$ cat structure35.tsv   # TSV, C-alpha atoms
chain	number	residue	atom	x	y	z
Z	2	MET	CA	-153.07	118.44	14.44
Z	3	GLY	CA	-152.00	115.37	12.53
Z	4	ARG	CA	-148.63	113.71	13.01
Z	5	SER	CA	-148.13	113.14	9.26
Z	6	ARG	CA	-146.51	116.58	9.02
Z	7	ARG	CA	-143.16	117.28	10.59
Z	8	THR	CA	-143.24	120.12	13.07
Z	9	ILE	CA	-141.01	123.18	12.81
Z	10	PRO	CA	-139.01	122.20	15.94
Z	11	GLU	CA	-138.29	118.82	14.34
Z	12	GLU	CA	-137.25	120.39	11.05
Z	13	LEU	CA	-135.06	122.98	12.77
Z	14	LEU	CA	-133.27	120.21	14.67
Z	15	LEU	CA	-132.76	118.16	11.51
Z	16	LEU	CA	-131.27	121.22	9.81
Z	17	ALA	CA	-128.87	121.67	12.73
Z	18	LEU	CA	-127.62	118.05	12.74
Z	19	ASP	CA	-124.19	117.69	11.19
Z	20	PRO	CA	-124.29	114.62	8.93
Z	21	THR	CA	-120.57	113.96	9.45
Z	22	THR	CA	-120.12	114.37	13.20
Z	23	GLY	CA	-123.63	113.59	14.43
Z	24	THR	CA	-123.60	116.70	16.63
Z	25	THR	CA	-125.85	119.76	16.48
Z	26	ALA	CA	-124.63	123.13	15.29
Z	27	GLN	CA	-125.12	126.14	17.57
Z	28	PRO	CA	-126.39	124.03	20.52
Z	29	GLN	CA	-126.95	126.90	22.96
Z	30	SER	CA	-128.92	129.12	20.61
Z	31	LEU	CA	-130.62	126.02	19.15
Z	32	ASP	CA	-132.29	125.41	22.52
Z	33	LEU	CA	-133.80	128.90	22.31
Z	34	GLY	CA	-134.80	128.26	18.72
Z	35	LEU	CA	-136.63	125.06	19.63
Z	36	ALA	CA	-138.67	126.90	22.26
Z	37	GLY	CA	-139.44	129.58	19.68
Z	38	ALA	CA	-140.28	126.99	17.04
Z	39	GLN	CA	-142.90	125.54	19.38
Z	40	LEU	CA	-144.59	128.95	19.50
Z	41	VAL	CA	-144.64	129.19	15.71
Z	42	GLU	CA	-146.06	125.67	15.39
Z	43	LEU	CA	-148.78	126.45	17.93
Z	44	ALA	CA	-149.61	129.64	16.02
Z	45	LEU	CA	-149.86	127.73	12.74
Z	46	ALA	CA	-152.20	125.30	14.52
Z	47	GLY	CA	-154.40	128.24	15.55
Z	48	ARG	CA	-153.78	127.78	19.29
Z	49	ILE	CA	-151.90	131.02	20.01
Z	50	ALA	CA	-151.56	134.42	18.36
Z	51	PRO	CA	-149.23	137.42	18.68
Z	52	ASP	CA	-150.42	140.32	20.83
Z	53	GLY	CA	-147.84	143.02	20.26
Z	54	ASP	CA	-144.59	141.50	21.53
Z	55	ARG	CA	-146.56	139.03	23.63
Z	56	ILE	CA	-148.11	135.63	22.98
Z	57	ALA	CA	-151.76	135.00	23.77
Z	58	VAL	CA	-153.59	131.65	23.91
Z	59	VAL	CA	-156.68	131.88	21.70
Z	60	VAL	CA	-157.72	128.20	21.54
Z	61	PRO	CA	-156.54	126.05	24.49
Z	62	ARG	CA	-157.63	122.79	22.84
Z	63	PRO	CA	-154.74	120.25	22.68
Z	64	THR	CA	-153.05	119.64	19.34
Z	65	GLY	CA	-152.33	115.95	19.90
Z	66	ASP	CA	-148.58	116.53	20.03
Z	67	PRO	CA	-147.51	115.92	23.67
Z	68	THR	CA	-144.53	118.29	23.62
Z	69	LEU	CA	-146.46	121.12	21.99
Z	70	ASP	CA	-149.42	120.53	24.28
Z	71	CYS	CA	-147.16	120.82	27.31
Z	72	ALA	CA	-146.01	124.24	26.09
Z	73	LEU	CA	-149.60	125.24	25.32
Z	74	GLU	CA	-150.75	124.28	28.81
Z	75	LEU	CA	-147.95	126.28	30.41
Z	76	LEU	CA	-148.93	129.30	28.34
Z	77	ARG	CA	-152.58	128.82	29.29
Z	78	ARG	CA	-151.73	128.70	32.99
Z	79	ARG	CA	-150.13	132.11	32.78
Z	80	GLY	CA	-153.64	133.55	32.42
Z	81	ALA	CA	-152.39	136.57	30.49
Z	82	PRO	CA	-150.28	137.07	27.35
Z	83	VAL	CA	-146.59	136.47	28.00
Z	84	ARG	CA	-143.72	138.32	26.38
Z	85	ALA	CA	-142.05	136.17	23.75
Z	86	VAL	CA	-138.57	136.93	25.11
Z	87	HIS	CA	-139.58	135.83	28.60
Z	88	TRP	CA	-140.99	132.58	27.30
Z	89	ILE	CA	-138.06	131.77	25.02
Z	90	GLY	CA	-135.50	132.85	27.62
Z	91	GLY	CA	-136.90	130.55	30.30
Z	92	PRO	CA	-135.18	127.26	31.21
Z	93	ARG	CA	-135.90	124.46	28.74
Z	94	LEU	CA	-134.38	121.47	30.49
Z	95	GLY	CA	-134.21	118.48	28.20
Z	96	LEU	CA	-136.11	120.05	25.29
Z	97	ARG	CA	-133.45	119.26	22.68
Z	98	GLN	CA	-133.09	115.72	24.00
Z	99	THR	CA	-136.87	115.30	23.91
Z	100	TYR	CA	-136.92	116.11	20.21
Z	101	LEU	CA	-133.86	113.99	19.45
Z	102	SER	CA	-135.49	111.03	21.18
Z	103	HIS	CA	-138.70	111.64	19.24
Z	104	LEU	CA	-136.83	111.73	15.92
Z	105	GLU	CA	-135.11	108.49	16.94
Z	106	ARG	CA	-138.45	106.81	17.68
Z	107	CYS	CA	-139.75	107.98	14.30
Z	108	GLY	CA	-136.73	106.46	12.58
Z	109	MET	CA	-135.42	109.79	11.26
Z	110	VAL	CA	-132.19	109.64	13.29
Z	111	ALA	CA	-130.18	106.86	14.88
Z	112	ALA	CA	-128.41	107.14	18.23
Z	113	VAL	CA	-124.72	106.24	18.02
Z	114	PRO	CA	-123.12	105.59	21.44
Z	115	GLY	CA	-119.52	106.55	22.00
Z	116	GLN	CA	-117.05	107.88	24.54
Z	117	MET	CA	-115.43	111.22	25.15
Z	118	CYS	CA	-111.76	111.06	26.10
Z	119	GLY	CA	-112.21	107.30	26.19
Z	120	VAL	CA	-114.16	107.52	29.46
Z	121	LEU	CA	-117.37	109.56	29.43
Z	122	PRO	CA	-120.30	107.94	27.60
Z	123	THR	CA	-121.73	110.11	24.85
Z	124	THR	CA	-124.41	109.81	22.21
Z	125	ARG	CA	-124.35	111.26	18.73
Z	126	TYR	CA	-127.24	111.26	16.32
Z	127	GLN	CA	-126.99	110.41	12.63
Z	128	ALA	CA	-129.79	111.12	10.18
Z	129	THR	CA	-131.11	107.82	8.80
Z	130	ASP	CA	-133.32	109.29	6.08
Z	131	THR	CA	-131.22	111.83	4.24
Z	132	GLU	CA	-134.08	112.42	1.80
Z	133	ILE	CA	-136.02	114.21	4.55
Z	134	SER	CA	-133.11	116.50	5.35
Z	135	ARG	CA	-132.59	117.18	1.64
Z	136	GLU	CA	-136.26	118.09	1.23
Z	137	ILE	CA	-136.12	120.56	4.13
Z	138	ARG	CA	-132.90	122.10	2.82
Z	139	SER	CA	-134.36	122.25	-0.71
Z	140	ARG	CA	-137.27	124.37	0.49
Z	141	LEU	CA	-134.88	126.89	2.02
Z	142	ASP	CA	-132.63	126.87	-1.03
Z	143	SER	CA	-135.61	127.44	-3.33
Z	144	ALA	CA	-136.86	130.40	-1.28
Z	145	ILE	CA	-133.37	131.91	-1.26
Z	146	ARG	CA	-132.66	131.27	-4.94
Z	147	THR	CA	-135.98	132.27	-6.51
Z	148	GLY	CA	-136.95	135.19	-4.29
Z	149	VAL	CA	-140.56	133.96	-4.40
Z	150	PRO	CA	-142.25	134.49	-1.01
Z	151	PRO	CA	-142.22	131.09	0.72
Z	152	ASP	CA	-145.14	129.47	2.50
Z	153	PRO	CA	-145.52	130.48	6.18
Z	154	ARG	CA	-143.96	127.25	7.45
Z	155	THR	CA	-140.82	127.62	5.34
Z	156	ALA	CA	-140.60	131.35	6.10
Z	157	ALA	CA	-140.76	130.67	9.84
Z	158	LEU	CA	-138.16	127.91	9.57
Z	159	ALA	CA	-135.85	130.28	7.66
Z	160	ALA	CA	-136.35	133.01	10.27
Z	161	LEU	CA	-135.48	130.63	13.10
Z	162	ALA	CA	-132.50	129.16	11.22
Z	163	HIS	CA	-131.12	132.68	10.87
Z	164	ALA	CA	-131.93	133.60	14.48
Z	165	VAL	CA	-130.03	130.65	15.97
Z	166	GLY	CA	-127.02	131.15	13.69
Z	167	LEU	CA	-127.45	128.20	11.34
Z	168	GLY	CA	-126.69	130.36	8.31
Z	169	LYS	CA	-122.94	129.67	8.55
Z	170	HIS	CA	-123.66	125.97	9.03
Z	171	LEU	CA	-125.96	125.77	6.00
Z	172	TYR	CA	-124.15	128.24	3.74
Z	173	PRO	CA	-120.52	128.38	4.89
Z	174	GLY	CA	-117.62	130.52	3.73
Z	175	ASN	CA	-117.43	133.59	1.54
Z	176	GLU	CA	-119.33	131.81	-1.21
Z	177	GLY	CA	-122.31	131.44	1.12
Z	178	ARG	CA	-122.42	135.10	2.15
Z	179	SER	CA	-125.18	136.13	-0.25
Z	180	SER	CA	-127.28	133.08	0.68
Z	181	ARG	CA	-126.91	133.93	4.37
Z	182	SER	CA	-128.05	137.46	3.64
Z	183	ARG	CA	-131.12	136.25	1.74
Z	184	LEU	CA	-131.86	133.76	4.52
Z	185	ARG	CA	-131.94	136.69	6.94
Z	186	ASP	CA	-134.26	138.62	4.61
Z	187	LEU	CA	-136.83	135.79	4.63
Z	188	ILE	CA	-137.65	136.78	8.21
Z	189	ARG	CA	-140.08	139.40	6.91
Z	190	HIS	CA	-142.39	136.91	5.21
Z	191	ASP	CA	-144.05	135.51	8.35
Z	192	PRO	CA	-145.16	137.85	11.18
Z	193	MET	CA	-145.17	135.18	13.88
Z	194	GLY	CA	-141.89	133.70	12.71
Z	195	GLY	CA	-140.40	137.19	12.65
Z	196	LEU	CA	-141.63	137.99	16.16
Z	197	VAL	CA	-140.21	134.75	17.54
Z	198	ALA	CA	-136.93	135.03	15.63
Z	199	HIS	CA	-136.35	138.56	16.93
Z	200	ALA	CA	-137.16	137.34	20.44
Z	201	VAL	CA	-134.57	134.56	20.10
Z	202	MET	CA	-131.96	137.11	19.03
Z	203	ASP	CA	-132.98	139.48	21.83
Z	204	VAL	CA	-132.47	136.72	24.41
Z	205	GLN	CA	-129.02	135.99	22.99
Z	206	ASN	CA	-128.19	139.69	23.16
Z	207	GLY	CA	-129.31	139.89	26.79
Z	208	ALA	CA	-132.39	141.96	26.00
Z	209	ALA	CA	-134.91	139.59	27.58
Z	210	THR	CA	-135.07	141.68	30.74
Z	211	GLN	CA	-135.46	144.99	28.89
Z	212	PRO	CA	-139.17	145.40	28.06
Z	213	ARG	CA	-139.94	147.72	25.19
Z	214	ARG	CA	-141.78	150.83	26.39
Z	215	GLY	CA	-142.95	153.91	24.58
Z	216	PRO	CA	-142.20	157.41	25.91
Z	217	ALA	CA	-145.63	157.77	27.56
Z	218	THR	CA	-145.27	154.46	29.37
Z	219	ALA	CA	-141.75	155.31	30.48
Z	220	ALA	CA	-142.92	158.67	31.84
Z	221	ARG	CA	-145.75	157.07	33.82
Z	222	GLN	CA	-143.34	154.58	35.33
Z	223	ALA	CA	-140.65	157.11	36.15
Z	224	GLY	CA	-139.62	157.41	39.77
Z	225	PRO	CA	-138.41	160.45	41.72
Z	226	GLY	CA	-136.18	162.79	39.76
Z	227	GLY	CA	-137.36	161.33	36.45
Z	228	ARG	CA	-135.50	158.06	36.97
Z	229	PRO	CA	-137.25	154.90	35.80
Z	230	ALA	CA	-138.94	153.05	38.61
Z	231	ALA	CA	-137.91	149.45	39.16
Z	232	GLU	CA	-140.16	147.04	37.35
Z	233	PRO	CA	-141.44	144.00	39.25
Z	234	ALA	CA	-139.74	140.82	38.20
Z	235	ARG	CA	-141.77	138.51	36.02
Z	236	ALA	CA	-141.87	134.80	36.56
Z	237	VAL	CA	-140.34	132.85	33.71
Z	238	PRO	CA	-142.28	129.78	32.63
Z	239	MET	CA	-140.49	126.54	33.21
Z	240	GLN	CA	-140.47	123.66	30.78
Z	241	PRO	CA	-141.04	120.42	32.67
Z	242	ARG	CA	-138.61	117.65	32.05
Z	243	HIS	CA	-139.77	114.84	29.82
Z	244	GLY	CA	-138.02	112.07	31.58
Z	245	SER	CA	-134.38	111.89	32.56
Z	246	MET	CA	-131.62	111.77	30.01
Z	247	ALA	CA	-130.24	108.29	29.86
Z	248	ARG	CA	-127.17	109.37	27.91
Z	249	ALA	CA	-124.83	112.29	27.81
Z	250	VAL	CA	-124.97	114.13	24.48
Z	251	VAL	CA	-121.92	115.86	23.09
Z	252	HIS	CA	-122.54	118.90	20.92

$ encode --input "structure35.tsv" --output "structure tokens"
Amino acid sequence: MGRSRRTIPEELLLLALDPTTGTTAQPQSLDLGLAGAQLVELALAGRIAPDGDRIAVVVPRPTGDPTLDCALELLRRRGAPVRAVHWIGGPRLGLRQTYLSHLERCGMVAAVPGQMCGVLPTTRYQATDTEISREIRSRLDSAIRTGVPPDPRTAALAALAHAVGLGKHLYPGNEGRSSRSRLRDLIRHDPMGGLVAHAVMDVQNGAATQPRRGPATAARQAGPGGRPAAEPARAVPMQPRHGSMARAVVH
């Protein structure tokens, strides 16, 4: 996988950056979205594939992107397909900072040090190449305006933008209501993006611990008196830290 193309996690983060304040919109759900965006990028690279509501590794070969390869290796170590909600809902310590630092090294954002309440050191991030952000936004606007099915990468980005709540950031107010609705509708154009986006929303709604079961499965797992038997807890994959955060980031 070449590094000439921006990854979906990078594009999602650039969409979320507020050009005025240097903070990220929807920071809590954005963390979930970045984990989901990694899955979509790995799927587009042919490394993983959906298996129902689970994610299966089909080609464990590294992509060349260290952050994506870390996620791929963790998925591979599971040995069996993992539910998307369990993966996305797991701790992702430092993932947003990892991508912010990467964008800074690539010259796409600049770190601006500051202070909160005149005491606590903070860091905000300003986009340095607004043309890149405009190009990303233009792809979404075009898909929303024309109604033409977008390419899989843009469709997945739109699905994740909706899932993490960026619609109100990108298309604010009453005048943006129809655009937000069409952004939501783009979720149907990419199966993997749709699966991941729904998983992100499920985690936010507290559904990560509620596995979907059909009636036959529920009956087999029922305990005495027809009550569902307790399901063994699943381990949630951890995202290793990519170095310590040198600065506090205010969002």

$ atom_distance --input "structure35.tsv" --atom1 "atom CA of Z:Leu141" --atom2 "atom CA of Z:Leu187"
9.5 Å

$ residues_around --input "structure35.tsv" --residues "Z:Arg178" --least-positions-apart "6" --cutoff "12 Å" --atoms "all atoms listed in the file" --output "compact mmCIF listing (two decimals) with C-alpha atoms, keeping the file's coordinate frame"
# COMPACT_ATOMS: atom_id res chain seq x y z
CA ILE Z 145 -133.37 131.91 -1.26
CA GLY Z 168 -126.69 130.36 8.31
CA LYS Z 169 -122.94 129.67 8.55
CA HIS Z 170 -123.66 125.97 9.03
CA LEU Z 171 -125.96 125.77 6.00
CA TYR Z 172 -124.15 128.24 3.74
CA LEU Z 184 -131.86 133.76 4.52
CA ARG Z 185 -131.94 136.69 6.94

$ atom_distance --input "structure35.tsv" --atom1 "atom CA of Z:Ile188" --atom2 "atom CA of Z:Ala72"
23.4 Å

$ atom_distance --input "structure35.tsv" --atom1 "atom CA of Z:Ala159" --atom2 "atom CA of Z:Arg48"
21.5 Å

$ closest_residue --input "structure35.tsv" --among "Z:Ala128, Z:Cys71, Z:Ile137, Z:Ala156" --to "Z:Leu18" --atoms "only C-alpha atoms"
Z:Ala128

$ closest_residue --input "structure35.tsv" --among "Z:Asp66, Z:Asp142, Z:Asp152, Z:Glu105" --to "Z:Thr129" --atoms "all atoms listed in the file"
Z:Glu105

$ residues_around --input "structure35.tsv" --residues "Z:Ala38" --least-positions-apart "5" --cutoff "8 Å" --atoms "all atoms listed in the file" --output "ChimeraX atom specification"
/Z:9-10,13,158,161,197

$ residues_around --input "structure35.tsv" --residues "Z:Val59" --least-positions-apart "6" --cutoff "8 Å" --atoms "all atoms listed in the file" --output "list in words"
Gly47, Arg48, Ile49 and Ala50 of chain Z

$ closest_residue --input "structure35.tsv" --among "Z:Asn175, Z:Thr155, Z:Gln205, Z:Gln29" --to "Z:Arg138" --atoms "all atoms listed in the file"
Z:Thr155

$ residues_near_point --input "structure35.tsv" --point "(-146.9, 129.1, 15.9)" --cutoff "7 Å" --atoms "only C-alpha atoms" --output "ChimeraX atom specification"
/Z:39-46,49,193
